[in-house]
file data.pdb (PDB, N, CA and C atoms)
ATOM      1  N   MET N  17     -81.110 -20.496  38.669
ATOM      2  CA  MET N  17     -80.913 -21.858  39.127
ATOM      3  C   MET N  17     -79.662 -21.901  39.990
ATOM      4  N   SER N  18     -79.853 -22.037  41.292
ATOM      5  CA  SER N  18     -78.706 -22.180  42.175
ATOM      6  C   SER N  18     -79.165 -22.665  43.538
ATOM      7  N   LEU N  19     -78.210 -23.177  44.272
ATOM      8  CA  LEU N  19     -78.418 -23.536  45.669
ATOM      9  C   LEU N  19     -77.547 -22.626  46.511
ATOM     10  N   THR N  20     -78.000 -22.335  47.711
ATOM     11  CA  THR N  20     -77.185 -21.616  48.680
ATOM     12  C   THR N  20     -77.186 -22.411  49.972
ATOM     13  N   ALA N  21     -76.168 -22.173  50.801
ATOM     14  CA  ALA N  21     -76.046 -22.861  52.085
ATOM     15  C   ALA N  21     -76.199 -21.854  53.210
ATOM     16  N   ASP N  22     -76.942 -22.250  54.233
ATOM     17  CA  ASP N  22     -77.137 -21.397  55.404
ATOM     18  C   ASP N  22     -76.950 -22.230  56.660
ATOM     19  N   PRO N  23     -76.001 -21.920  57.519
ATOM     20  CA  PRO N  23     -74.990 -20.881  57.375
ATOM     21  C   PRO N  23     -73.959 -21.252  56.309
ATOM     22  N   PRO N  24     -73.239 -20.242  55.759
ATOM     23  CA  PRO N  24     -72.333 -20.483  54.638
ATOM     24  C   PRO N  24     -70.977 -21.064  55.029
ATOM     25  N   ALA N  25     -70.713 -21.208  56.322
ATOM     26  CA  ALA N  25     -69.446 -21.786  56.792
ATOM     27  C   ALA N  25     -69.718 -22.673  57.992
ATOM     28  N   CYS N  26     -68.775 -23.564  58.299
ATOM     29  CA  CYS N  26     -68.935 -24.529  59.386
ATOM     30  C   CYS N  26     -67.736 -24.453  60.314
ATOM     31  N   THR N  27     -67.992 -24.248  61.600
ATOM     32  CA  THR N  27     -66.941 -24.299  62.613
ATOM     33  C   THR N  27     -67.356 -25.305  63.667
ATOM     34  N   VAL N  28     -66.485 -26.293  63.901
ATOM     35  CA  VAL N  28     -66.753 -27.326  64.894
ATOM     36  C   VAL N  28     -65.499 -27.532  65.742
ATOM     37  N   PRO N  29     -65.647 -28.059  66.962
ATOM     38  CA  PRO N  29     -64.469 -28.357  67.780
ATOM     39  C   PRO N  29     -63.648 -29.488  67.154
ATOM     40  N   ALA N  30     -62.331 -29.376  67.210
ATOM     41  CA  ALA N  30     -61.455 -30.436  66.694
ATOM     42  C   ALA N  30     -61.675 -31.741  67.458
ATOM     43  N   ALA N  31     -62.170 -31.639  68.696
ATOM     44  CA  ALA N  31     -62.442 -32.826  69.506
ATOM     45  C   ALA N  31     -63.679 -33.576  69.007
ATOM     46  N   GLY N  32     -64.421 -32.968  68.082
ATOM     47  CA  GLY N  32     -65.618 -33.602  67.530
ATOM     48  C   GLY N  32     -66.847 -32.761  67.779
ATOM     49  N   GLY N  33     -67.787 -32.822  66.867
ATOM     50  CA  GLY N  33     -69.018 -32.057  67.012
ATOM     51  C   GLY N  33     -69.855 -32.160  65.760
ATOM     52  N   THR N  34     -71.026 -31.518  65.811
ATOM     53  CA  THR N  34     -71.977 -31.580  64.713
ATOM     54  C   THR N  34     -72.451 -30.180  64.363
ATOM     55  N   SER N  35     -72.662 -29.960  63.078
ATOM     56  CA  SER N  35     -73.208 -28.693  62.595
ATOM     57  C   SER N  35     -74.284 -29.006  61.565
ATOM     58  N   THR N  36     -75.419 -28.320  61.645
ATOM     59  CA  THR N  36     -76.502 -28.522  60.692
ATOM     60  C   THR N  36     -76.597 -27.302  59.784
ATOM     61  N   HIS N  37     -76.720 -27.560  58.496
ATOM     62  CA  HIS N  37     -76.816 -26.501  57.494
ATOM     63  C   HIS N  37     -78.030 -26.773  56.624
ATOM     64  N   LYS N  38     -78.505 -25.731  55.986
ATOM     65  CA  LYS N  38     -79.685 -25.833  55.139
ATOM     66  C   LYS N  38     -79.273 -25.478  53.713
ATOM     67  N   LEU N  39     -79.563 -26.385  52.764
ATOM     68  CA  LEU N  39     -79.407 -26.070  51.345
ATOM     69  C   LEU N  39     -80.717 -25.459  50.886
ATOM     70  N   ILE N  40     -80.648 -24.274  50.299
ATOM     71  CA  ILE N  40     -81.850 -23.537  49.920
ATOM     72  C   ILE N  40     -81.909 -23.389  48.409
ATOM     73  N   ASN N  41     -83.049 -23.767  47.845
ATOM     74  CA  ASN N  41     -83.302 -23.642  46.414
ATOM     75  C   ASN N  41     -84.331 -22.531  46.225
ATOM     76  N   ALA N  42     -83.877 -21.371  45.746
ATOM     77  CA  ALA N  42     -84.788 -20.243  45.537
ATOM     78  C   ALA N  42     -85.419 -20.285  44.151
ATOM     79  N   GLY N  43     -85.034 -21.268  43.335
ATOM     80  CA  GLY N  43     -85.520 -21.347  41.957
ATOM     81  C   GLY N  43     -86.847 -22.072  41.817
ATOM     82  N   ALA N  44     -87.261 -22.212  40.558
ATOM     83  CA  ALA N  44     -88.551 -22.827  40.245
ATOM     84  C   ALA N  44     -88.410 -24.277  39.791
ATOM     85  N   GLU N  45     -87.175 -24.821  39.801
ATOM     86  CA  GLU N  45     -86.955 -26.197  39.360
ATOM     87  C   GLU N  45     -86.385 -27.040  40.502
ATOM     88  N   LYS N  46     -86.784 -28.301  40.534
ATOM     89  CA  LYS N  46     -86.250 -29.238  41.526
ATOM     90  C   LYS N  46     -84.772 -29.463  41.231
ATOM     91  N   MET N  47     -83.939 -29.405  42.272
ATOM     92  CA  MET N  47     -82.494 -29.560  42.119
ATOM     93  C   MET N  47     -82.043 -30.886  42.724
ATOM     94  N   ILE N  48     -80.941 -31.402  42.184
ATOM     95  CA  ILE N  48     -80.302 -32.611  42.702
ATOM     96  C   ILE N  48     -78.895 -32.213  43.120
ATOM     97  N   PHE N  49     -78.373 -32.846  44.200
ATOM     98  CA  PHE N  49     -77.037 -32.482  44.654
ATOM     99  C   PHE N  49     -76.228 -33.698  45.083
ATOM    100  N   LYS N  50     -74.904 -33.494  45.093
ATOM    101  CA  LYS N  50     -73.938 -34.453  45.625
ATOM    102  C   LYS N  50     -72.920 -33.643  46.409
ATOM    103  N   ILE N  51     -72.575 -34.120  47.617
ATOM    104  CA  ILE N  51     -71.631 -33.404  48.467
ATOM    105  C   ILE N  51     -70.308 -34.162  48.535
ATOM    106  N   LYS N  52     -69.209 -33.430  48.285
ATOM    107  CA  LYS N  52     -67.867 -33.994  48.392
ATOM    108  C   LYS N  52     -67.123 -33.257  49.498
ATOM    109  N   SER N  53     -66.279 -33.987  50.217
ATOM    110  CA  SER N  53     -65.507 -33.413  51.314
ATOM    111  C   SER N  53     -64.015 -33.542  51.024
ATOM    112  N   SER N  54     -63.251 -32.539  51.460
ATOM    113  CA  SER N  54     -61.799 -32.607  51.315
ATOM    114  C   SER N  54     -61.175 -33.489  52.391
ATOM    115  N   ASN N  55     -61.987 -33.937  53.358
ATOM    116  CA  ASN N  55     -61.469 -34.741  54.464
ATOM    117  C   ASN N  55     -62.520 -35.776  54.870
ATOM    118  N   ASN N  56     -62.487 -36.930  54.187
ATOM    119  CA  ASN N  56     -63.460 -37.980  54.501
ATOM    120  C   ASN N  56     -63.073 -38.795  55.731
ATOM    121  N   ASN N  57     -61.859 -38.615  56.239
ATOM    122  CA  ASN N  57     -61.436 -39.359  57.432
ATOM    123  C   ASN N  57     -62.060 -38.801  58.701
ATOM    124  N   GLU N  58     -62.236 -37.473  58.770
ATOM    125  CA  GLU N  58     -62.716 -36.856  60.004
ATOM    126  C   GLU N  58     -64.114 -36.259  59.911
ATOM    127  N   TYR N  59     -64.685 -36.224  58.699
ATOM    128  CA  TYR N  59     -66.027 -35.672  58.544
ATOM    129  C   TYR N  59     -66.979 -36.710  57.976
ATOM    130  N   ARG N  60     -68.195 -36.697  58.465
ATOM    131  CA  ARG N  60     -69.283 -37.516  57.937
ATOM    132  C   ARG N  60     -70.403 -36.554  57.549
ATOM    133  N   ILE N  61     -70.922 -36.742  56.352
ATOM    134  CA  ILE N  61     -71.954 -35.855  55.815
ATOM    135  C   ILE N  61     -73.218 -36.670  55.574
ATOM    136  N   SER N  62     -74.359 -36.109  55.953
ATOM    137  CA  SER N  62     -75.624 -36.799  55.725
ATOM    138  C   SER N  62     -76.686 -35.770  55.329
ATOM    139  N   PRO N  63     -77.342 -35.968  54.200
ATOM    140  CA  PRO N  63     -77.109 -36.971  53.171
ATOM    141  C   PRO N  63     -76.002 -36.518  52.218
ATOM    142  N   VAL N  64     -75.405 -37.469  51.493
ATOM    143  CA  VAL N  64     -74.392 -37.151  50.490
ATOM    144  C   VAL N  64     -75.082 -36.760  49.177
ATOM    145  N   PHE N  65     -76.173 -37.450  48.839
ATOM    146  CA  PHE N  65     -76.967 -37.158  47.646
ATOM    147  C   PHE N  65     -78.365 -36.749  48.084
ATOM    148  N   GLY N  66     -79.027 -35.917  47.283
ATOM    149  CA  GLY N  66     -80.397 -35.574  47.630
ATOM    150  C   GLY N  66     -81.036 -34.645  46.625
ATOM    151  N   PHE N  67     -82.291 -34.308  46.907
ATOM    152  CA  PHE N  67     -83.080 -33.394  46.093
ATOM    153  C   PHE N  67     -83.481 -32.202  46.948
ATOM    154  N   VAL N  68     -83.644 -31.038  46.312
ATOM    155  CA  VAL N  68     -84.204 -29.859  46.972
ATOM    156  C   VAL N  68     -85.337 -29.370  46.082
ATOM    157  N   ASP N  69     -86.546 -29.365  46.630
ATOM    158  CA  ASP N  69     -87.727 -28.958  45.871
ATOM    159  C   ASP N  69     -87.676 -27.473  45.512
ATOM    160  N   PRO N  70     -88.417 -27.064  44.473
ATOM    161  CA  PRO N  70     -88.481 -25.643  44.119
ATOM    162  C   PRO N  70     -88.918 -24.811  45.318
ATOM    163  N   SER N  71     -88.259 -23.689  45.528
ATOM    164  CA  SER N  71     -88.542 -22.798  46.668
ATOM    165  C   SER N  71     -88.488 -23.538  47.993
ATOM    166  N   GLY N  72     -87.684 -24.599  48.062
ATOM    167  CA  GLY N  72     -87.605 -25.412  49.274
ATOM    168  C   GLY N  72     -86.196 -25.448  49.851
ATOM    169  N   SER N  73     -86.037 -26.294  50.851
ATOM    170  CA  SER N  73     -84.735 -26.435  51.493
ATOM    171  C   SER N  73     -84.548 -27.877  51.953
ATOM    172  N   LYS N  74     -83.298 -28.219  52.228
ATOM    173  CA  LYS N  74     -82.947 -29.567  52.703
ATOM    174  C   LYS N  74     -81.868 -29.408  53.763
ATOM    175  N   ASP N  75     -82.072 -30.028  54.913
ATOM    176  CA  ASP N  75     -81.061 -29.988  55.969
ATOM    177  C   ASP N  75     -79.953 -30.984  55.668
ATOM    178  N   ILE N  76     -78.696 -30.563  55.898
ATOM    179  CA  ILE N  76     -77.567 -31.479  55.841
ATOM    180  C   ILE N  76     -76.850 -31.411  57.183
ATOM    181  N   GLN N  77     -76.334 -32.545  57.607
ATOM    182  CA  GLN N  77     -75.648 -32.617  58.888
ATOM    183  C   GLN N  77     -74.177 -32.939  58.642
ATOM    184  N   ILE N  78     -73.306 -32.132  59.256
ATOM    185  CA  ILE N  78     -71.863 -32.312  59.161
ATOM    186  C   ILE N  78     -71.387 -32.755  60.540
ATOM    187  N   THR N  79     -70.790 -33.946  60.607
ATOM    188  CA  THR N  79     -70.294 -34.472  61.876
ATOM    189  C   THR N  79     -68.783 -34.593  61.801
ATOM    190  N   ARG N  80     -68.086 -34.020  62.767
ATOM    191  CA  ARG N  80     -66.628 -34.062  62.833
ATOM    192  C   ARG N  80     -66.229 -35.028  63.923
ATOM    193  N   THR N  81     -65.369 -36.014  63.578
ATOM    194  CA  THR N  81     -64.813 -36.905  64.588
ATOM    195  C   THR N  81     -63.566 -36.249  65.162
ATOM    196  N   ALA N  82     -63.057 -36.771  66.266
ATOM    197  CA  ALA N  82     -61.899 -36.175  66.928
ATOM    198  C   ALA N  82     -60.667 -36.218  66.024
ATOM    199  N   GLY N  83     -59.933 -35.121  66.017
ATOM    200  CA  GLY N  83     -58.711 -35.008  65.222
ATOM    201  C   GLY N  83     -58.077 -33.658  65.497
ATOM    202  N   GLY N  84     -56.969 -33.394  64.850
ATOM    203  CA  GLY N  84     -56.276 -32.127  65.054
ATOM    204  C   GLY N  84     -57.007 -30.968  64.404
ATOM    205  N   PRO N  85     -56.758 -29.737  64.887
ATOM    206  CA  PRO N  85     -57.353 -28.554  64.259
ATOM    207  C   PRO N  85     -56.916 -28.481  62.791
ATOM    208  N   LYS N  86     -57.851 -28.179  61.913
ATOM    209  CA  LYS N  86     -57.560 -28.217  60.490
ATOM    210  C   LYS N  86     -58.624 -27.462  59.715
ATOM    211  N   GLU N  87     -58.241 -26.897  58.567
ATOM    212  CA  GLU N  87     -59.181 -26.258  57.650
ATOM    213  C   GLU N  87     -59.517 -27.256  56.539
ATOM    214  N   ASP N  88     -60.792 -27.430  56.255
ATOM    215  CA  ASP N  88     -61.251 -28.319  55.191
ATOM    216  C   ASP N  88     -62.392 -27.623  54.465
ATOM    217  N   LYS N  89     -63.014 -28.340  53.513
ATOM    218  CA  LYS N  89     -64.161 -27.761  52.816
ATOM    219  C   LYS N  89     -65.081 -28.849  52.296
ATOM    220  N   LEU N  90     -66.338 -28.458  52.135
ATOM    221  CA  LEU N  90     -67.327 -29.272  51.427
ATOM    222  C   LEU N  90     -67.602 -28.574  50.109
ATOM    223  N   VAL N  91     -67.723 -29.359  49.054
ATOM    224  CA  VAL N  91     -68.138 -28.817  47.764
ATOM    225  C   VAL N  91     -69.428 -29.536  47.384
ATOM    226  N   ILE N  92     -70.474 -28.754  47.189
ATOM    227  CA  ILE N  92     -71.781 -29.290  46.837
ATOM    228  C   ILE N  92     -71.989 -29.052  45.346
ATOM    229  N   HIS N  93     -72.040 -30.137  44.577
ATOM    230  CA  HIS N  93     -72.292 -30.057  43.141
ATOM    231  C   HIS N  93     -73.797 -30.182  42.947
ATOM    232  N   PHE N  94     -74.380 -29.337  42.081
ATOM    233  CA  PHE N  94     -75.827 -29.395  41.877
ATOM    234  C   PHE N  94     -76.200 -29.225  40.416
ATOM    235  N   ALA N  95     -77.416 -29.670  40.094
ATOM    236  CA  ALA N  95     -77.974 -29.564  38.748
ATOM    237  C   ALA N  95     -79.496 -29.645  38.848
ATOM    238  N   VAL N  96     -80.158 -29.335  37.752
ATOM    239  CA  VAL N  96     -81.612 -29.532  37.691
ATOM    240  C   VAL N  96     -81.861 -31.033  37.716
ATOM    241  N   ALA N  97     -82.772 -31.462  38.564
ATOM    242  CA  ALA N  97     -83.063 -32.892  38.700
ATOM    243  C   ALA N  97     -83.843 -33.398  37.491
ATOM    244  N   PRO N  98     -83.514 -34.612  37.019
ATOM    245  CA  PRO N  98     -84.337 -35.213  35.961
ATOM    246  C   PRO N  98     -85.785 -35.344  36.452
ATOM    247  N   ALA N  99     -86.738 -35.120  35.573
ATOM    248  CA  ALA N  99     -88.156 -35.083  35.953
ATOM    249  C   ALA N  99     -88.643 -36.361  36.623
ATOM    250  N   ASP N 100     -88.128 -37.515  36.202
ATOM    251  CA  ASP N 100     -88.625 -38.785  36.729
ATOM    252  C   ASP N 100     -87.733 -39.364  37.829
ATOM    253  N   ALA N 101     -86.747 -38.602  38.307
ATOM    254  CA  ALA N 101     -85.774 -39.120  39.269
ATOM    255  C   ALA N 101     -86.387 -39.332  40.651
ATOM    256  N   THR N 102     -86.119 -40.504  41.233
ATOM    257  CA  THR N 102     -86.541 -40.789  42.602
ATOM    258  C   THR N 102     -85.350 -41.193  43.468
ATOM    259  N   ASP N 103     -84.270 -41.699  42.856
ATOM    260  CA  ASP N 103     -83.061 -42.104  43.564
ATOM    261  C   ASP N 103     -81.966 -41.091  43.225
ATOM    262  N   ALA N 104     -81.630 -40.226  44.186
ATOM    263  CA  ALA N 104     -80.695 -39.133  43.917
ATOM    264  C   ALA N 104     -79.313 -39.637  43.505
ATOM    265  N   GLN N 105     -78.822 -40.691  44.151
ATOM    266  CA  GLN N 105     -77.487 -41.190  43.820
ATOM    267  C   GLN N 105     -77.448 -41.707  42.380
ATOM    268  N   ALA N 106     -78.438 -42.492  41.985
ATOM    269  CA  ALA N 106     -78.486 -43.033  40.622
ATOM    270  C   ALA N 106     -78.695 -41.909  39.605
ATOM    271  N   ALA N 107     -79.569 -40.963  39.911
ATOM    272  CA  ALA N 107     -79.886 -39.889  38.968
ATOM    273  C   ALA N 107     -78.726 -38.921  38.792
ATOM    274  N   PHE N 108     -77.943 -38.697  39.852
ATOM    275  CA  PHE N 108     -76.855 -37.736  39.745
ATOM    276  C   PHE N 108     -75.827 -38.177  38.705
ATOM    277  N   ALA N 109     -75.663 -39.481  38.536
ATOM    278  CA  ALA N 109     -74.703 -40.004  37.554
ATOM    279  C   ALA N 109     -75.103 -39.631  36.127
ATOM    280  N   SER N 110     -76.367 -39.301  35.897
ATOM    281  CA  SER N 110     -76.834 -39.008  34.542
ATOM    282  C   SER N 110     -76.895 -37.517  34.226
ATOM    283  N   VAL N 111     -76.519 -36.658  35.169
ATOM    284  CA  VAL N 111     -76.593 -35.211  34.930
ATOM    285  C   VAL N 111     -75.194 -34.603  34.890
ATOM    286  N   THR N 112     -75.106 -33.444  34.284
ATOM    287  CA  THR N 112     -73.869 -32.661  34.302
ATOM    288  C   THR N 112     -74.064 -31.556  35.328
ATOM    289  N   PRO N 113     -73.217 -31.501  36.359
ATOM    290  CA  PRO N 113     -73.389 -30.447  37.365
ATOM    291  C   PRO N 113     -73.390 -29.061  36.738
ATOM    292  N   ALA N 114     -74.327 -28.227  37.192
ATOM    293  CA  ALA N 114     -74.481 -26.871  36.652
ATOM    294  C   ALA N 114     -73.776 -25.838  37.511
ATOM    295  N   GLY N 115     -73.389 -26.226  38.731
ATOM    296  CA  GLY N 115     -72.736 -25.278  39.624
ATOM    297  C   GLY N 115     -72.295 -25.944  40.899
ATOM    298  N   THR N 116     -71.619 -25.168  41.729
ATOM    299  CA  THR N 116     -71.138 -25.681  43.014
ATOM    300  C   THR N 116     -71.372 -24.630  44.107
ATOM    301  N   VAL N 117     -71.472 -25.120  45.322
ATOM    302  CA  VAL N 117     -71.485 -24.292  46.521
ATOM    303  C   VAL N 117     -70.370 -24.840  47.409
ATOM    304  N   THR N 118     -69.516 -23.984  47.916
ATOM    305  CA  THR N 118     -68.432 -24.420  48.793
ATOM    306  C   THR N 118     -68.709 -23.951  50.214
ATOM    307  N   ILE N 119     -68.600 -24.895  51.165
ATOM    308  CA  ILE N 119     -68.747 -24.564  52.584
ATOM    309  C   ILE N 119     -67.380 -24.762  53.225
ATOM    310  N   PRO N 120     -66.698 -23.674  53.618
ATOM    311  CA  PRO N 120     -65.440 -23.834  54.333
ATOM    312  C   PRO N 120     -65.699 -24.424  55.721
ATOM    313  N   MET N 121     -64.855 -25.369  56.133
ATOM    314  CA  MET N 121     -65.019 -26.011  57.439
ATOM    315  C   MET N 121     -63.753 -25.774  58.258
ATOM    316  N   SER N 122     -63.945 -25.392  59.496
ATOM    317  CA  SER N 122     -62.828 -25.099  60.385
ATOM    318  C   SER N 122     -63.006 -25.907  61.673
ATOM    319  N   ALA N 123     -62.022 -26.767  61.968
ATOM    320  CA  ALA N 123     -62.028 -27.503  63.240
ATOM    321  C   ALA N 123     -61.075 -26.762  64.168
ATOM    322  N   THR N 124     -61.615 -26.263  65.271
ATOM    323  CA  THR N 124     -60.837 -25.417  66.173
ATOM    324  C   THR N 124     -60.514 -26.148  67.479
ATOM    325  N   ALA N 125     -59.390 -25.786  68.050
ATOM    326  CA  ALA N 125     -58.938 -26.422  69.301
ATOM    327  C   ALA N 125     -59.741 -25.907  70.475
TER     328      ALA N 125
END

call {"tool": "encode", "arguments": {"input": "data.pdb", "output": "structure tokens"}}
result
Amino acid sequence: MSLTADPPACTVPAAGGTSTHKLINAGAEKMIFKIKSSNNNEYRISPVFGFVDPSGSKDIQITRTAGGPKEDKLVIHFAVAPADATDAQAAFASVTPAGTVTIPMSATA
């Protein structure tokens, strides 16, 4: 039971840009996730909450607004999704995260 990110790191221009990553679930159980950022002022993440089907994947988009060059990170908390869950944000509050995936983010000049 785990999620992986592809690509495993994010590099965007400090002037602003977008990077798309794929969360991959190689397991046999549906997973639920929540994404946290070390820098919510300059990064926008979509979606913040979501599900990844068994043997499936989910695209996430990382958007950087203009700012100075800086190192940041995303931490993706995940767990097995409750069987009857349809709203990821509401359901995530009822689970205990089973693991994390960290995506280092680098904004370059």

call {"tool": "resolve_selection", "arguments": {"input": "data.pdb", "expression": "the PyMOL selection byres ((chain N and resi 20) around 6.5)", "output": "PDB file with N, CA and C atoms, in the coordinates of the input"}}
result
ATOM      1  N   SER N  18     -79.853 -22.037  41.292  1.00  0.00           N
ATOM      2  CA  SER N  18     -78.706 -22.180  42.175  1.00  0.00           C
ATOM      3  C   SER N  18     -79.165 -22.665  43.538  1.00  0.00           C
ATOM      4  N   LEU N  19     -78.210 -23.177  44.272  1.00  0.00           N
ATOM      5  CA  LEU N  19     -78.418 -23.536  45.669  1.00  0.00           C
ATOM      6  C   LEU N  19     -77.547 -22.626  46.511  1.00  0.00           C
ATOM      7  N   ALA N  21     -76.168 -22.173  50.801  1.00  0.00           N
ATOM      8  CA  ALA N  21     -76.046 -22.861  52.085  1.00  0.00           C
ATOM      9  C   ALA N  21     -76.199 -21.854  53.210  1.00  0.00           C
ATOM     10  N   ASP N  22     -76.942 -22.250  54.233  1.00  0.00           N
ATOM     11  CA  ASP N  22     -77.137 -21.397  55.404  1.00  0.00           C
ATOM     12  C   ASP N  22     -76.950 -22.230  56.660  1.00  0.00           C
ATOM     13  N   LYS N  38     -78.505 -25.731  55.986  1.00  0.00           N
ATOM     14  CA  LYS N  38     -79.685 -25.833  55.139  1.00  0.00           C
ATOM     15  C   LYS N  38     -79.273 -25.478  53.713  1.00  0.00           C
ATOM     16  N   LEU N  39     -79.563 -26.385  52.764  1.00  0.00           N
ATOM     17  CA  LEU N  39     -79.407 -26.070  51.345  1.00  0.00           C
ATOM     18  C   LEU N  39     -80.717 -25.459  50.886  1.00  0.00           C
ATOM     19  N   ILE N  40     -80.648 -24.274  50.299  1.00  0.00           N
ATOM     20  CA  ILE N  40     -81.850 -23.537  49.920  1.00  0.00           C
ATOM     21  C   ILE N  40     -81.909 -23.389  48.409  1.00  0.00           C
ATOM     22  N   ASN N  41     -83.049 -23.767  47.845  1.00  0.00           N
ATOM     23  CA  ASN N  41     -83.302 -23.642  46.414  1.00  0.00           C
ATOM     24  C   ASN N  41     -84.331 -22.531  46.225  1.00  0.00           C
ATOM     25  N   ALA N  42     -83.877 -21.371  45.746  1.00  0.00           N
ATOM     26  CA  ALA N  42     -84.788 -20.243  45.537  1.00  0.00           C
ATOM     27  C   ALA N  42     -85.419 -20.285  44.151  1.00  0.00           C
TER      28      ALA N  42
END

call {"tool": "resolve_selection", "arguments": {"input": "data.pdb", "expression": "the PyMOL selection byres ((chain N and resi 71) around 7)", "output": "PDB file with N, CA and C atoms, in the frame of the given file"}}
result
ATOM      1  N   ILE N  40     -80.648 -24.274  50.299  1.00  0.00           N
ATOM      2  CA  ILE N  40     -81.850 -23.537  49.920  1.00  0.00           C
ATOM      3  C   ILE N  40     -81.909 -23.389  48.409  1.00  0.00           C
ATOM      4  N   ASN N  41     -83.049 -23.767  47.845  1.00  0.00           N
ATOM      5  CA  ASN N  41     -83.302 -23.642  46.414  1.00  0.00           C
ATOM      6  C   ASN N  41     -84.331 -22.531  46.225  1.00  0.00           C
ATOM      7  N   ALA N  42     -83.877 -21.371  45.746  1.00  0.00           N
ATOM      8  CA  ALA N  42     -84.788 -20.243  45.537  1.00  0.00           C
ATOM      9  C   ALA N  42     -85.419 -20.285  44.151  1.00  0.00           C
ATOM     10  N   GLY N  43     -85.034 -21.268  43.335  1.00  0.00           N
ATOM     11  CA  GLY N  43     -85.520 -21.347  41.957  1.00  0.00           C
ATOM     12  C   GLY N  43     -86.847 -22.072  41.817  1.00  0.00           C
ATOM     13  N   ALA N  44     -87.261 -22.212  40.558  1.00  0.00           N
ATOM     14  CA  ALA N  44     -88.551 -22.827  40.245  1.00  0.00           C
ATOM     15  C   ALA N  44     -88.410 -24.277  39.791  1.00  0.00           C
ATOM     16  N   GLU N  45     -87.175 -24.821  39.801  1.00  0.00           N
ATOM     17  CA  GLU N  45     -86.955 -26.197  39.360  1.00  0.00           C
ATOM     18  C   GLU N  45     -86.385 -27.040  40.502  1.00  0.00           C
ATOM     19  N   LYS N  46     -86.784 -28.301  40.534  1.00  0.00           N
ATOM     20  CA  LYS N  46     -86.250 -29.238  41.526  1.00  0.00           C
ATOM     21  C   LYS N  46     -84.772 -29.463  41.231  1.00  0.00           C
ATOM     22  N   VAL N  68     -83.644 -31.038  46.312  1.00  0.00           N
ATOM     23  CA  VAL N  68     -84.204 -29.859  46.972  1.00  0.00           C
ATOM     24  C   VAL N  68     -85.337 -29.370  46.082  1.00  0.00           C
ATOM     25  N   ASP N  69     -86.546 -29.365  46.630  1.00  0.00           N
ATOM     26  CA  ASP N  69     -87.727 -28.958  45.871  1.00  0.00           C
ATOM     27  C   ASP N  69     -87.676 -27.473  45.512  1.00  0.00           C
ATOM     28  N   PRO N  70     -88.417 -27.064  44.473  1.00  0.00           N
ATOM     29  CA  PRO N  70     -88.481 -25.643  44.119  1.00  0.00           C
ATOM     30  C   PRO N  70     -88.918 -24.811  45.318  1.00  0.00           C
ATOM     31  N   GLY N  72     -87.684 -24.599  48.062  1.00  0.00           N
ATOM     32  CA  GLY N  72     -87.605 -25.412  49.274  1.00  0.00           C
ATOM     33  C   GLY N  72     -86.196 -25.448  49.851  1.00  0.00           C
ATOM     34  N   SER N  73     -86.037 -26.294  50.851  1.00  0.00           N
ATOM     35  CA  SER N  73     -84.735 -26.435  51.493  1.00  0.00           C
ATOM     36  C   SER N  73     -84.548 -27.877  51.953  1.00  0.00           C
TER      37      SER N  73
END

call {"tool": "select_by_dssp", "arguments": {"input": "data.pdb", "residues": "chain N", "states": "helix (DSSP H, G or I)", "output": "PyMOL selection string"}}
result
chain N and resi 104-108

call {"tool": "residues_around", "arguments": {"input": "data.pdb", "residues": "range 106-120 of chain N", "least_positions_apart": "3", "cutoff": "6.5 Å", "atoms": "only N, CA and C atoms", "output": "list in words"}}
result
Leu19, Pro24, Ala25, Cys26, Thr27, Asp88, Lys89, Leu90, Val91, Ile92, His93, Phe94, Ala95, Val96, Ala101 and Asp103 of chain N

call {"tool": "write_last_selection", "arguments": {"input": "data.pdb", "atoms": "N, CA and C atoms", "output": "compact mmCIF listing (two decimals), in the coordinates of the input"}}
result
# COMPACT_ATOMS: atom_id res chain seq x y z
N LEU N 19 -78.21 -23.18 44.27
CA LEU N 19 -78.42 -23.54 45.67
C LEU N 19 -77.55 -22.63 46.51
N PRO N 24 -73.24 -20.24 55.76
CA PRO N 24 -72.33 -20.48 54.64
C PRO N 24 -70.98 -21.06 55.03
N ALA N 25 -70.71 -21.21 56.32
CA ALA N 25 -69.45 -21.79 56.79
C ALA N 25 -69.72 -22.67 57.99
N CYS N 26 -68.78 -23.56 58.30
CA CYS N 26 -68.94 -24.53 59.39
C CYS N 26 -67.74 -24.45 60.31
N THR N 27 -67.99 -24.25 61.60
CA THR N 27 -66.94 -24.30 62.61
C THR N 27 -67.36 -25.30 63.67
N ASP N 88 -60.79 -27.43 56.26
CA ASP N 88 -61.25 -28.32 55.19
C ASP N 88 -62.39 -27.62 54.46
N LYS N 89 -63.01 -28.34 53.51
CA LYS N 89 -64.16 -27.76 52.82
C LYS N 89 -65.08 -28.85 52.30
N LEU N 90 -66.34 -28.46 52.14
CA LEU N 90 -67.33 -29.27 51.43
C LEU N 90 -67.60 -28.57 50.11
N VAL N 91 -67.72 -29.36 49.05
CA VAL N 91 -68.14 -28.82 47.76
C VAL N 91 -69.43 -29.54 47.38
N ILE N 92 -70.47 -28.75 47.19
CA ILE N 92 -71.78 -29.29 46.84
C ILE N 92 -71.99 -29.05 45.35
N HIS N 93 -72.04 -30.14 44.58
CA HIS N 93 -72.29 -30.06 43.14
C HIS N 93 -73.80 -30.18 42.95
N PHE N 94 -74.38 -29.34 42.08
CA PHE N 94 -75.83 -29.40 41.88
C PHE N 94 -76.20 -29.22 40.42
N ALA N 95 -77.42 -29.67 40.09
CA ALA N 95 -77.97 -29.56 38.75
C ALA N 95 -79.50 -29.64 38.85
N VAL N 96 -80.16 -29.34 37.75
CA VAL N 96 -81.61 -29.53 37.69
C VAL N 96 -81.86 -31.03 37.72
N ALA N 101 -86.75 -38.60 38.31
CA ALA N 101 -85.77 -39.12 39.27
C ALA N 101 -86.39 -39.33 40.65
N ASP N 103 -84.27 -41.70 42.86
CA ASP N 103 -83.06 -42.10 43.56
C ASP N 103 -81.97 -41.09 43.22

call {"tool": "closest_residue", "arguments": {"input": "data.pdb", "among": "N:Asn55, N:Glu87, N:Met47, N:Ser62", "to": "Asp75 in chain N", "atoms": "all atoms listed in the file"}}
result
N:Ser62
